[in-house]
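Trainee: This is the structure I have questions about; it appears just below.
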Amino acid sequence: MKSPQRLGHLVEVFQGNQPLVEGLVALFLDHTPQLLAELLMLVREGRINEFHGVAFRLKSNLRVLGFPEIRNQVEAIGVSLRAGKTASELEPALNALELSLLEACHQLSASH
């Protein structure tokens, strides 16, 4: 992941509005750990219907900040859940998602 380049691109996309980009990053850093914890809990507790709302919010945040590979991880977990995979079968994917999101937060906080 290359967050500084991503942030530079976002500043360009938002026509040089650095404060807006910084605000988006701050919101992402504030809300992502909670969304991740909620998402993991819902999968592990088998609360699949509630998973999709949390996953949608998380994927939206990832899309805005330019993390399509992590967004794809969330989507793949959702597809697997719809296909009937259990939480224990998804544990490796959940662990990988957690690591990816924590790394993204770390990189964003380092460049923020």
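As shown in the structure tokens, the chain order sets the letters A, B, ...; within each chain, residues go from 1, and ligands are also counted from 1 in the order they appear.
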Can you list every residue of range 17-39 of chain A that has an atom at most 10 Å from range 93-102 of chain A, with its nearest atom pair and the distance in Å to one decimal, using only C-alpha atoms, ordered by chain then number, as CSV?
Mentor:
residue,atom,partner,partner_atom,distance
A:Leu29,CA,A:Leu102,CA,9.7
A:Thr32,CA,A:Leu101,CA,7.8
A:Pro33,CA,A:Leu102,CA,7.9
A:Leu36,CA,A:Glu98,CA,7.1
A:Ala37,CA,A:Glu98,CA,8.8
A:Leu39,CA,A:Leu94,CA,9.2
Trainee: Please list as a list in words every residue within 10 Å of range 82-86 of chain A, counting only C-alpha atoms and excluding residues in the same chain fewer than 2 positions away.
Mentor: Val43, Arg44, Glu45, Gly46, Ile48, Asn49, Ala76, Ile77, Gly78, Val79, Ser80, Ser88, Glu89, Leu90 and Glu91 of chain A
Trainee: May I ask which of the residues A:Asp30, A:Glu50, A:Glu75, A:Glu38 is the closest one to Cys105 in chain A, counting only C-alpha atoms?
Mentor: A:Asp30
Trainee: Restricting the calculation to only C-alpha atoms: of A:Val64, A:Gln73, A:Ala110, A:Gly53, which residue gets closest to Leu10 in chain A?
Mentor: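 Distance minimum relative to Leu10 in chain A lands on A:Val64.
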Trainee: Using only C-alpha atoms, which of the listed residues (A:Leu24, A:Ala104, A:Val13, A:Val74) sits closest to Val54 in chain A?
Mentor: A:Val74
Trainee: Counting only C-alpha atoms, what is within 12 Å of Ala26 in chain A, bar same-chain residues fewer than 4 positions away, as a ChimeraX atom specification?
Mentor: /A:19-22,30-32,61,65,105,108-112
Trainee: If you run DSSP over the backbone, which residues in range 1-55 of chain A end up alpha helix (DSSP H)? Put them as a PyMOL selection string.
Mentor: chain A and resi 3-13+18-44+48-55
